[in-house]
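Data first, discussion second: the structure below is written as structure tokens.
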Amino acid sequence: MIKTSPLSGIYRNLPVNLSEVSGWKIAGNFGDKDREQENLQKGSVLVDWSHIGKITLSRGNAAAAAEQVLKGASEIEPLKTSANSKMAVLRLTKNDYLILCQPAMEKTLLEKLDTKITTVTDQTGANGCFVLGGPRRDEVLERSTAVDLRRDRITASTVIQSSIHTVNMTLYRTNNFDIIVHPRNLTESLYDALMDVGIGVGLVPAGIDTIPVSFEK
Amino acid sequence: MAKRINTHQYCELPNPGAEISFQFNGKRIQAYSSDSITSALTASGQTLLSRSFKYHRPRGAYDIYGQGHESLVTVNHEPNLLADRIRVKNGMVVQSQNAWPSLEFDIGEINDTVVPMLPNGFYYKMFHKPKWLWPIAEQQIRKAAGLGKIDTAGKNNDRRYEKRYRFPDVCVIGGGPSGLAATLGALKEGKQLLLIDDNPELGGHSLHSIAEVSDCENEKLNGLAEYKAVQQLIEELASFPNLEVLVNTSVFGLYEDNLVAAQCGADLFKIRADSVVLAPGATDRHLVFENNDRPGIMTARGVERLIMCHSVLPGDNAVVVTTHDGGYHTALLLHGAGAKIIAVVDGREAGHAEGVFEQKIRELAIPVYKGLTAHAAHGRKRIYRVDVGPVSGGDSHKSFDCDLLVMAVGFKPQVNLLSMGRKSPKWDTERQILRITDLPSGVYSAGEVHGSAGFSRLYSEGFNSGKEAALSETTPGKDYSVQTERTADEIIMALPADIESGGKHHFICKCMDVTRSEAQASIDEGYDQVESLKRYSSMGMGPCQGKACHESVARLAAIDTGLSSIEAVPTTVRPPFTGTTFGLLAGRAPHLSPIRRTPFHQCHLDLGVKFLDAGQWKRPDSYTDPLIEASYVRNGLGMIDVSTLGKIEISGPEAVKFMQFMLPGKYAKFEVGRTRYSIMIGEDGILFEDGTISHIEQGIYYLTTTTGNQDAINSLFQWWMLVEEFEVHVKNLSLANAAVNVTGTTSRDFLQKLVDIDMSNEAFPYMHCRQATIADVPVSFYRIGFTGELGYEIHFPAEFGESMWQYLLTEGKEFDLKPFGVETQRILRLEKGHLIPGTDTDALSNPYESGVGFAIKDDKDDFVGKAFLQHFKERGIENKLVPYQLEPGSQIPDDGVAVLDKGKIAGRVTSSRLSPTLKRGIGLAWVRKDMSETGSNFSIRLANGQDVQATVLDHAAYDPEGLRLKS
């Protein structure tokens with residue numbers, strides 16, 4: 001059985017080329033890779049990463065559990081991140097973590113995590129995930145959220161928990177992208193809202209051919 | 001006549017840009033791309049811009065700054081835009097407002113003759129007798145009110161309203177010399193700056209000043225004319241990467257914690273700054289005399305802007321009325337542009353120190369008259385003569401033929417943003433202005449808003465304010481009171497608030513057409529406080545919201561009520577400072593109410609669903625007719641999307657202890673594989689939730705909640721886990737799992753085909769749960785009976801939602817599986833007599849009276865709500881929720897109608913439907929205890945006033961023994 005993105009309704013109305021990744025059907029591109037690349041370089045792109053693994057750790061000794069999957073994760077400051085190319089460990093509070101990982105990798109991580117010391121929840125299907133890339137992505141964000149996302153204050157590896165277009169989100173900033181994790185059931189609404197405000201600032205939907213899943217500081 | 005100029009004797013004119021054309025009232029107007037609508041119209045010889053609000057008096061260009069109503073026009077179908085502020089564009093369509101049949105010939109001008117004959121505030125006093133008159137009069141008054149016409153049909157509305165956010169370290173408001181210097185001062189401290197100005201170009205009044213800069217701290221600027229110095233300053237600022245500049249942006253509010261609200265076109269900027277520097281400057285003071293509103297009367301800075309920013313000379317023969325050297329500066333600019341200066345009329349008596357420009361005017365042998373001011377203007381659509389006389393009023397001494405009267409009688413600081421309803425301006429007798437000196441923490445101010453003058457002083461004050469603002473966090477507890485210095489020769493005397501020269505057209509408030517005599521009449525009627533005077537006369541309530549007149553209103557109100565000028569108190573200044581559209585404040589509403597979609601949303605659309613809005617959720621109401629869909633379940637097989645249920649997994653060493661505390665049931669002997677009905681009650685003992693709880697694996701429990709309470713219950717659990725420190729894991733899987741309910745007589749047969757576990761009644765009885773796989777997808781089965789039929793809730797990972805739905809429908813074809821919606825489910829559950837908390841209960845419903853007391857096991861240790869439950873138990877039943885049925889053929893009541901006993905209200909119906917199975921009306925109703933016995937009858941009052949008879953049932957109307965769901 002195929003796993004579908006919460007954006008499947010949007011896909012139907014666009015010339016999407018779907019890629020199959022670990023059982024998921026996810027947008028590879030929207031018919032014009034060159035345009036997506038150009039927007040990534042000069043404008044802004046919105047990529048659906050809903051298929052990445054998402055695990056939350058909360059209560060108990062979440063830091064020790066996080067250490068089990070990524071060395072040094074227990075030392076991260078709250079609202080900061082540690083990452084390698086396969087996963088990013090976001091420390092949300094002193095005792096809450098969100099782990100983002102390559103698609104299907106969550107199964108391996110769930111086996112590693114000691115469920116006795118903390119509450120481990122696989123939220124892969126519960127949350128959608130967007131990646132906002134391109135030099136004009138700040139212009140999309142400044143029209144979408146009342147949160148201060150000034151780049152000299154919210155630097156790479158910083159995590160923000162707030163709302164975007166009234167949708168609760170966790171925003172993880174990297175050097176090149178802003179990764180937005182949000183409730184699955186609001187994904188399509190958030191997509192519509194972001195694309196709506198992004199029209200004037202060169203925002204186009206793009207696929208994982210343009211921004212493949214990879215994590216970085 | 002006004003005309004375009006190509007050269008100027010004393011300054012360089014700006015590049016006018018490309019030639020373009022636009023339409024004004026259907027007439028093609030040639031212009032340049034640097035023109036504002038007003039400058040282009042003025043250059044084309046268009047004297048009239050608009051008609052006044054009440055008297056429809058002709059109005060023309062005034063301050064070229066866009067503060068008054070004079071420049072309000074409709075541009076491309078958008079009404080009430082300021083022609084002074086809008087740059088013309090090729091093909092733009094501009095229309096004048098408040099005139100019929102035309103701007104030149106407006107029938108409404110008859111008001112100018114008729115209305116003054118009527119009693120003051122006649123619209124409050126007339127049309128009330130006879131009674132029938134008022135509705136007619138009101139309609140006409142409403143028709144006459146207002147200026148532009150809103151495009152209510154939205155046919156031409158293609159504006160996109162955006163909300164945008166900024167978080168600068170320092171926000172400087174005002175791009176004149178003080179604001180620019182403040183920006184520089186703060187930038188040099190390494191801060192992130194946002195500079196906002198409401199004009200298309202930075203520079204403020206210095207853009208049209210040829211005064212030479214001297215003694216400026218920024219030595220590079222000394223020796224330059226102000227308009228060049230300010231350009232150099234702008235260039236210097238451009239080299240700072242930390243600066244963002246917003247022009248054409250009007251700040252309309254300054255709120256708590258330095259929240260600055262600004263409008264730029266259709267964008268609303270919400271700016272949260274660490275510090276704010278206010279340098280809004282000042283505008284020319286309003287002078288009140290006879291016919292002071294006639295076209296051809298302009299402010300000095302308005303004239304200067306037309307000449308130096310737009311290369312337009314607004315008149316051939318000018319009289320300049322002044323009280324300071326700035327008036328001579330304007331006269332010199334007019335002279336250099338080719339105008340004939342008929343006279344400069346200076347309100348000051350001879351003997352004061354002459355300024356630089358006064359000396360130049362005298363060198364040009366232009367007549368100067370001292371100790372006089374304007375008494376009256378003559379002309380209707382354009383002035384042709386002005387009378388001048390003593391500043392104290394009385395008879396006029398002289399008359400001059402002219403087509404332009406320039407007012408340079410001092411400056412009125414724009415204190416609005418300093419006030420914003422929090423601080424009240426006070427009359428500064430020394431500086432002869434209204435000022436605000438005590439500002440909130442983190443707010444600084446500089447420049448003309450404090451009566452300061454001269455480029456070097458404005459620069460110095462601005463630079464220091466900017467620096468202080470940038471360093472504010474390092475100087476906590478700083479005194480924020482404004483301290484500026486003034487020299488005696490900088491003081492500009494304030495002329496009397498009204499030149500008492502006779503006549504009845506001394507307009508105090510030009511926006512609302514309120515004259516001095518009307519204000520006096522209002523005071524005579526008892527409205528002698530400035531706030532009540534404002535409300536009665538509507539002074540200051542027009543488009544400019546008092547910006548032009550609030551000083552005059554305050555001073556005249558003080559005089560007319562016998563107070564001294566120092567006691568002049570203006571009305572409270574509140575945001576918005578500038579006109580703001582509702583669209584801007586609202587933004588685009590769809591973004592404020594996002595839609596929650598279940599994992600099957602697209603599948604529902606494919607089936608042509610009719611959706612039901614359940615909070616933010618889109619749930620399938622029905623796919624066909626709910627009555628038909630009900631028959632699928634009763635006679636065959638149906639499937640409904642129940643993904644919106646809350647789903648919480650509870651595990652850990654103290655899971656049972658936690659459940660025992662949170663829920664009223666007992667779980668110590670709760671066996672693996674069992675499912676139970678469960679309710680939740682608040683600490684007040686009120687029933688607020690029901691669902692099921694299942695022991696799915698050893699030590700792992702799965703709780704389902706209703707759609708509306710999924711977040712609330714998870715939050716409640718998390719809260720109690722903090723308070724009591726249970727050693728328990730609570731996972732909210734509400735979004736992680738999708739769910740369907742497959743129900744109907746053939747549901748077992750259907751599902752058995754898909755799974756490799758034994759689904760027989762013996763192996764998997766009613767109120768049990770099992771785990772299995774369907775097409776390799778892990779699923780959980782919960783055998784429950786909300787529909788009253790054999791049925792299974794199936795939960796599985798949400799990402800398989802669409803695939804699973806399609807798979808089940810495909811595999812279910814041989815069983816004639818059909819989807820059904822929420823409305824159908826409501827019918828089915830009502831046939832079975834199941835309540836829905838929140839629908840059939842309210843904030844006063846306790847579980848005993850609601851009929852779910854069986855779920856409470858109060859013979860256990862303390863649990864949430866126990867104390868109140870004990871109280872309810874002891875008090876006994878007062879009212880009861882009962883199932884009922886109607887006689888066949890009776891009309892079906894609406895939900896919520898009254899239950900009657902002997903003609904008096906004795907309860908209410910909570911849910912009511914036609915049962916397609918029983919072919920009669922069924923429902924749930926709250927009734928008094930004495931009416932709740934099985935077999936009792938009561939009346940239900942229909943919406944049409946008729947009554948139907950209902951009979952209380954013992955159990956469910958459908959399958960009361962539960963044989964079908966247990967089969």
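Naming works like this for the structure tokens: A, B, ... for the chains as they're shown, residue 1 at the start of each chain, ligands 1 onward in shown order.
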Do you know which residues are at most 9 Å from range 62-72 of chain A counting only C-alpha atoms, after dropping those on the same chain fewer than 5 positions away, and could you put them as JSON, numbers by chain? {"A": [57, 82, 83, 84, 87, 88, 89, 91, 94, 95, 96, 97, 99, 109, 112, 113, 114, 115, 117, 118, 119, 120]}
Let me see the file: selected residues, C-alpha atoms, as a PDB file, in the first residue's frame.
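again27.pdb was written with the following content:
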ATOM      1  CA  LEU A  57      10.785  12.330  22.810  1.00  0.00           C
ATOM      2  CA  SER A  82      22.382  18.955  16.124  1.00  0.00           C
ATOM      3  CA  ALA A  83      22.400  17.299  12.735  1.00  0.00           C
ATOM      4  CA  ASN A  84      24.181  15.133  10.261  1.00  0.00           C
ATOM      5  CA  MET A  87      18.984  13.244  10.758  1.00  0.00           C
ATOM      6  CA  ALA A  88      18.470  16.377  12.765  1.00  0.00           C
ATOM      7  CA  VAL A  89      17.802  16.293  16.466  1.00  0.00           C
ATOM      8  CA  ARG A  91      15.781  20.140  21.268  1.00  0.00           C
ATOM      9  CA  LYS A  94      14.855  20.894  28.304  1.00  0.00           C
ATOM     10  CA  ASN A  95      13.006  17.601  28.121  1.00  0.00           C
ATOM     11  CA  ASP A  96      11.402  17.510  24.693  1.00  0.00           C
ATOM     12  CA  TYR A  97      13.058  16.552  21.444  1.00  0.00           C
ATOM     13  CA  ILE A  99      13.982  13.979  15.630  1.00  0.00           C
ATOM     14  CA  LEU A 109      15.704   4.869  15.336  1.00  0.00           C
ATOM     15  CA  LYS A 112      17.375   2.175  19.223  1.00  0.00           C
ATOM     16  CA  LEU A 113      15.395   4.404  21.548  1.00  0.00           C
ATOM     17  CA  ASP A 114      14.777   3.190  25.079  1.00  0.00           C
ATOM     18  CA  THR A 115      11.055   3.633  25.574  1.00  0.00           C
ATOM     19  CA  ILE A 117      13.283   6.278  29.988  1.00  0.00           C
ATOM     20  CA  THR A 118      11.146   8.634  27.923  1.00  0.00           C
ATOM     21  CA  THR A 119       7.933   8.782  25.929  1.00  0.00           C
ATOM     22  CA  VAL A 120       8.800   7.968  22.343  1.00  0.00           C
TER      23      VAL A 120
END
Taking 3 positions as the minimum chain separation for residues in the same chain, which residues sit within 9 Å of Met539 in chain B when counting only C-alpha atoms? Answer as an mmCIF file with N, CA, C and O atoms, in the first residue's frame.
data_model
loop_
_atom_site.group_PDB
_atom_site.id
_atom_site.type_symbol
_atom_site.label_atom_id
_atom_site.label_comp_id
_atom_site.auth_asym_id
_atom_site.auth_seq_id
_atom_site.Cartn_x
_atom_site.Cartn_y
_atom_site.Cartn_z
ATOM 1 N N ILE B 508 -13.091 76.463 10.631
ATOM 2 C CA ILE B 508 -12.141 75.868 11.577
ATOM 3 C C ILE B 508 -11.768 74.484 11.086
ATOM 4 O O ILE B 508 -10.609 74.127 10.989
ATOM 5 N N CYS B 509 -12.805 73.697 10.804
ATOM 6 C CA CYS B 509 -12.589 72.327 10.334
ATOM 7 C C CYS B 509 -13.076 72.249 8.904
ATOM 8 O O CYS B 509 -14.275 72.244 8.646
ATOM 9 N N LYS B 510 -12.133 72.221 7.993
ATOM 10 C CA LYS B 510 -12.521 72.215 6.579
ATOM 11 C C LYS B 510 -13.070 70.860 6.149
ATOM 12 O O LYS B 510 -13.879 70.781 5.240
ATOM 13 N N CYS B 511 -12.596 69.809 6.805
ATOM 14 C CA CYS B 511 -13.091 68.477 6.418
ATOM 15 C C CYS B 511 -14.591 68.375 6.627
ATOM 16 O O CYS B 511 -15.311 67.815 5.797
ATOM 17 N N MET B 512 -15.066 68.867 7.769
ATOM 18 C CA MET B 512 -16.471 68.702 8.116
ATOM 19 C C MET B 512 -17.264 69.985 7.921
ATOM 20 O O MET B 512 -18.409 70.096 8.369
ATOM 21 N N ASP B 513 -16.631 70.985 7.303
ATOM 22 C CA ASP B 513 -17.311 72.262 7.030
ATOM 23 C C ASP B 513 -17.871 72.891 8.304
ATOM 24 O O ASP B 513 -19.042 73.282 8.366
ATOM 25 N N VAL B 514 -17.066 72.986 9.332
ATOM 26 C CA VAL B 514 -17.533 73.613 10.578
ATOM 27 C C VAL B 514 -16.882 74.983 10.704
ATOM 28 O O VAL B 514 -15.656 75.109 10.642
ATOM 29 N N ALA B 519 -19.382 76.746 15.743
ATOM 30 C CA ALA B 519 -18.766 76.297 16.993
ATOM 31 C C ALA B 519 -19.269 77.146 18.157
ATOM 32 O O ALA B 519 -19.577 76.623 19.240
ATOM 33 N N LEU B 533 -17.965 69.269 22.397
ATOM 34 C CA LEU B 533 -18.055 70.189 21.260
ATOM 35 C C LEU B 533 -17.687 69.458 19.963
ATOM 36 O O LEU B 533 -18.348 69.604 18.931
ATOM 37 N N LYS B 534 -16.656 68.666 20.056
ATOM 38 C CA LYS B 534 -16.219 67.897 18.883
ATOM 39 C C LYS B 534 -17.336 66.958 18.417
ATOM 40 O O LYS B 534 -17.658 66.889 17.232
ATOM 41 N N ARG B 535 -17.933 66.258 19.368
ATOM 42 C CA ARG B 535 -18.941 65.263 18.998
ATOM 43 C C ARG B 535 -20.220 65.908 18.466
ATOM 44 O O ARG B 535 -20.881 65.366 17.578
ATOM 45 N N TYR B 536 -20.580 67.068 19.035
ATOM 46 C CA TYR B 536 -21.805 67.727 18.601
ATOM 47 C C TYR B 536 -21.621 68.385 17.234
ATOM 48 O O TYR B 536 -22.473 68.282 16.357
ATOM 49 N N GLY B 542 -13.499 64.435 10.537
ATOM 50 C CA GLY B 542 -13.485 64.180 9.110
ATOM 51 C C GLY B 542 -12.284 63.355 8.688
ATOM 52 O O GLY B 542 -11.607 62.757 9.527
ATOM 53 N N GLN B 545 -9.085 63.638 10.483
ATOM 54 C CA GLN B 545 -9.175 63.288 11.912
ATOM 55 C C GLN B 545 -8.509 64.339 12.804
ATOM 56 O O GLN B 545 -7.852 64.013 13.798
ATOM 57 N N GLY B 546 -8.672 65.584 12.417
ATOM 58 C CA GLY B 546 -8.212 66.668 13.270
ATOM 59 C C GLY B 546 -6.773 67.085 13.065
ATOM 60 O O GLY B 546 -6.297 68.002 13.744
ATOM 61 N N CYS B 549 -6.914 70.671 12.060
ATOM 62 C CA CYS B 549 -7.653 71.656 12.845
ATOM 63 C C CYS B 549 -7.568 71.482 14.357
ATOM 64 O O CYS B 549 -8.096 72.310 15.079
ATOM 65 N N HIS B 550 -6.922 70.428 14.838
ATOM 66 C CA HIS B 550 -7.072 70.185 16.281
ATOM 67 C C HIS B 550 -6.485 71.307 17.116
ATOM 68 O O HIS B 550 -6.964 71.619 18.197
ATOM 69 N N VAL B 553 -9.130 74.110 16.921
ATOM 70 C CA VAL B 553 -10.296 73.733 17.733
ATOM 71 C C VAL B 553 -9.994 73.971 19.206
ATOM 72 O O VAL B 553 -10.788 74.556 19.949
#
Mind dumping a table of every chain B residue within 8 Å of chain A, with the nearest atom pair and its distance in Å to one decimal, using only C-alpha atoms, sorted by chain and rising number, as JSON lines?
{"residue": "B:Glu162", "atom": "CA", "partner": "A:Arg143", "partner_atom": "CA", "distance": 6.6}
{"residue": "B:Lys163", "atom": "CA", "partner": "A:Arg143", "partner_atom": "CA", "distance": 5.5}
{"residue": "B:Arg164", "atom": "CA", "partner": "A:Arg143", "partner_atom": "CA", "distance": 4.4}
{"residue": "B:Tyr165", "atom": "CA", "partner": "A:Glu142", "partner_atom": "CA", "distance": 5.2}
{"residue": "B:Arg166", "atom": "CA", "partner": "A:Glu142", "partner_atom": "CA", "distance": 7.3}
{"residue": "B:Phe167", "atom": "CA", "partner": "A:Asp148", "partner_atom": "CA", "distance": 6.1}
{"residue": "B:His591", "atom": "CA", "partner": "A:His165", "partner_atom": "CA", "distance": 5.8}
{"residue": "B:Leu592", "atom": "CA", "partner": "A:Thr166", "partner_atom": "CA", "distance": 6.2}
{"residue": "B:Ser593", "atom": "CA", "partner": "A:Thr166", "partner_atom": "CA", "distance": 7.7}
{"residue": "B:Pro594", "atom": "CA", "partner": "A:Ser189", "partner_atom": "CA", "distance": 5.4}
{"residue": "B:Ile595", "atom": "CA", "partner": "A:Ser189", "partner_atom": "CA", "distance": 5.9}
{"residue": "B:Arg596", "atom": "CA", "partner": "A:Asn185", "partner_atom": "CA", "distance": 4.9}
{"residue": "B:Arg597", "atom": "CA", "partner": "A:Asn185", "partner_atom": "CA", "distance": 4.9}
{"residue": "B:Thr598", "atom": "CA", "partner": "A:Asn185", "partner_atom": "CA", "distance": 6.0}
{"residue": "B:Pro599", "atom": "CA", "partner": "A:Pro6", "partner_atom": "CA", "distance": 6.9}
{"residue": "B:Gln602", "atom": "CA", "partner": "A:Gly9", "partner_atom": "CA", "distance": 5.9}
{"residue": "B:Gly652", "atom": "CA", "partner": "A:Lys116", "partner_atom": "CA", "distance": 7.7}
{"residue": "B:His729", "atom": "CA", "partner": "A:Thr119", "partner_atom": "CA", "distance": 5.3}
{"residue": "B:Val730", "atom": "CA", "partner": "A:Thr119", "partner_atom": "CA", "distance": 7.2}
{"residue": "B:Lys731", "atom": "CA", "partner": "A:Thr121", "partner_atom": "CA", "distance": 6.3}
{"residue": "B:Leu733", "atom": "CA", "partner": "A:Ala126", "partner_atom": "CA", "distance": 7.4}
{"residue": "B:Ser734", "atom": "CA", "partner": "A:Ala126", "partner_atom": "CA", "distance": 7.7}
{"residue": "B:Leu735", "atom": "CA", "partner": "A:Ala126", "partner_atom": "CA", "distance": 4.5}
{"residue": "B:Ala736", "atom": "CA", "partner": "A:Ala126", "partner_atom": "CA", "distance": 3.8}
{"residue": "B:Asn737", "atom": "CA", "partner": "A:Ala126", "partner_atom": "CA", "distance": 7.3}
{"residue": "B:Ala775", "atom": "CA", "partner": "A:Met1", "partner_atom": "CA", "distance": 6.9}
{"residue": "B:Asp776", "atom": "CA", "partner": "A:Met1", "partner_atom": "CA", "distance": 7.7}
{"residue": "B:Val777", "atom": "CA", "partner": "A:Met1", "partner_atom": "CA", "distance": 7.4}
{"residue": "B:Pro797", "atom": "CA", "partner": "A:Gly125", "partner_atom": "CA", "distance": 6.5}
{"residue": "B:Ala798", "atom": "CA", "partner": "A:Gly125", "partner_atom": "CA", "distance": 5.4}
{"residue": "B:Glu799", "atom": "CA", "partner": "A:Lys3", "partner_atom": "CA", "distance": 4.9}
{"residue": "B:Phe800", "atom": "CA", "partner": "A:Lys3", "partner_atom": "CA", "distance": 4.8}
{"residue": "B:Gly801", "atom": "CA", "partner": "A:Thr4", "partner_atom": "CA", "distance": 7.5}
{"residue": "B:Glu802", "atom": "CA", "partner": "A:Thr4", "partner_atom": "CA", "distance": 6.8}
{"residue": "B:Ser803", "atom": "CA", "partner": "A:Ile2", "partner_atom": "CA", "distance": 6.0}
{"residue": "B:Met804", "atom": "CA", "partner": "A:Met1", "partner_atom": "CA", "distance": 7.4}
Identify, on the basis of only C-alpha atoms, every residue whose closest approach to range 685-698 of chain B does not exceed 8 Å; exclude the query and any residue fewer than 5 positions from it along the same chain; express the result as a count of residues only. 38
What lies within 9 Å of Leu924 in chain B using only C-alpha atoms, ignoring chain neighbours under 6 positions off, as a list of chain:residue names?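 Answer for this query is B:Leu830, B:Gly833, B:His834, B:Leu835, B:Asp840, B:Leu881, B:Val882, B:Pro883, B:Tyr884, B:Gln885, B:Arg908, B:Val909, B:Thr910, B:Ser911, B:Ser912.
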Tell me, as a list in words, which residues lie within 7 Å of Ile940 in chain B, counting only C-alpha atoms; anything in the same chain fewer than 4 positions away does not count.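 Answer for this query is Ala898, Val899, Leu900, Asp947, Val948 and Gln949 of chain B.
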Could you please write out, as a CSV table (one decimal) with N, CA and C atoms, in the first residue's frame, every residue of range 664-773 of chain B that DSSP assigns to alpha helix (DSSP H)?
chain,number,residue,atom,x,y,z
B,710,GLN,N,-10.3,16.3,21.4
B,710,GLN,CA,-9.1,15.6,21.3
B,710,GLN,C,-7.9,16.4,21.9
B,711,ASP,N,-7.8,17.7,21.5
B,711,ASP,CA,-6.7,18.5,22.0
B,711,ASP,C,-6.9,18.8,23.5
B,712,ALA,N,-8.1,19.1,23.9
B,712,ALA,CA,-8.4,19.5,25.3
B,712,ALA,C,-8.0,18.3,26.3
B,713,ILE,N,-8.4,17.1,25.9
B,713,ILE,CA,-8.1,16.0,26.8
B,713,ILE,C,-6.6,15.7,26.8
B,714,ASN,N,-5.9,15.8,25.7
B,714,ASN,CA,-4.5,15.6,25.7
B,714,ASN,C,-3.8,16.6,26.6
B,715,SER,N,-4.3,17.9,26.5
B,715,SER,CA,-3.7,19.0,27.3
B,715,SER,C,-4.0,18.7,28.8
B,716,LEU,N,-5.2,18.2,29.1
B,716,LEU,CA,-5.6,17.9,30.5
B,716,LEU,C,-4.7,16.8,31.0
B,717,PHE,N,-4.5,15.8,30.2
B,717,PHE,CA,-3.6,14.7,30.7
B,717,PHE,C,-2.2,15.3,31.0
B,718,GLN,N,-1.7,16.0,30.1
B,718,GLN,CA,-0.3,16.6,30.2
B,718,GLN,C,-0.3,17.4,31.5
B,719,TRP,N,-1.3,18.2,31.7
B,719,TRP,CA,-1.4,19.1,32.9
B,719,TRP,C,-1.3,18.2,34.2
B,720,TRP,N,-2.2,17.2,34.2
B,720,TRP,CA,-2.2,16.4,35.5
B,720,TRP,C,-0.9,15.6,35.6
B,721,MET,N,-0.2,15.3,34.5
B,721,MET,CA,1.0,14.5,34.6
B,721,MET,C,2.1,15.4,35.3
B,722,LEU,N,2.0,16.7,35.0
B,722,LEU,CA,2.9,17.6,35.7
B,722,LEU,C,2.6,17.8,37.2
B,723,VAL,N,1.3,17.8,37.5
B,723,VAL,CA,0.9,18.1,38.8
B,723,VAL,C,1.2,16.9,39.7
B,724,GLU,N,0.8,15.7,39.3
B,724,GLU,CA,0.9,14.5,40.1
B,724,GLU,C,2.1,13.6,39.8
B,747,SER,N,-20.4,-7.0,8.1
B,747,SER,CA,-19.1,-6.4,8.3
B,747,SER,C,-18.1,-7.5,8.7
B,748,ARG,N,-18.5,-8.4,9.5
B,748,ARG,CA,-17.6,-9.5,9.9
B,748,ARG,C,-17.1,-10.3,8.7
B,749,ASP,N,-18.0,-10.6,7.9
B,749,ASP,CA,-17.7,-11.5,6.7
B,749,ASP,C,-16.7,-10.7,5.8
B,750,PHE,N,-17.0,-9.5,5.7
B,750,PHE,CA,-16.1,-8.7,4.8
B,750,PHE,C,-14.7,-8.6,5.4
B,751,LEU,N,-14.6,-8.3,6.7
B,751,LEU,CA,-13.3,-8.1,7.3
B,751,LEU,C,-12.5,-9.4,7.4
B,752,GLN,N,-13.2,-10.4,7.6
B,752,GLN,CA,-12.6,-11.7,7.8
B,752,GLN,C,-11.8,-12.1,6.5
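The gap separating CA of Thr47 in chain B from CA of Gly26 in chain B is 15.9 Å, in Å to one decimal.
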Within 6 Å of Tyr227 in chain B using only C-alpha atoms, minus same-chain residues under 6 positions, as JSON, numbers by chain: {"B": [206, 207, 208, 209]}
Tell me which protein, DNA and RNA residues are within 8 Å of range 388-394 of chain B, counting only C-alpha atoms, leaving out same-chain ones fewer than 2 positions away, and put them as a VMD selection string. chain B and resid 345 347 371 to 376 386 396 to 399 495 to 496 499 to 502
Residue among A:Lys86, A:Lys107, A:Arg137, A:Arg151 lying closest to Glu216 in chain A, counting only C-alpha atoms: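 Result for the nearest residue to Glu216 in chain A: A:Lys86.
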Computed interatomic separation between CA of Val170 in chain B and CA of Cys309 in chain B (Å):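 Taking CA of Val170 in chain B as the start and CA of Cys309 in chain B as the end point, the length is 29.1 Å.
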Which one is closest to Tyr191 in chain A: A:Pro212, A:Pro78, A:Leu132, A:Lys42? Count only C-alpha atoms. A:Leu132
Tell me, in Å to one decimal, how far CA of Phe726 in chain B is from CA of Lys657 in chain B.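 Between CA of Phe726 in chain B and CA of Lys657 in chain B the gap works out to 8.0 Å.
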Could you go through range 491-640 of chain B and tell me which residues DSSP, when run on the backbone, assigns to strand (DSSP E or B), listing them as a ChimeraX atom specification? /B:506-509,514-515,596,610-614,617-622,638-640
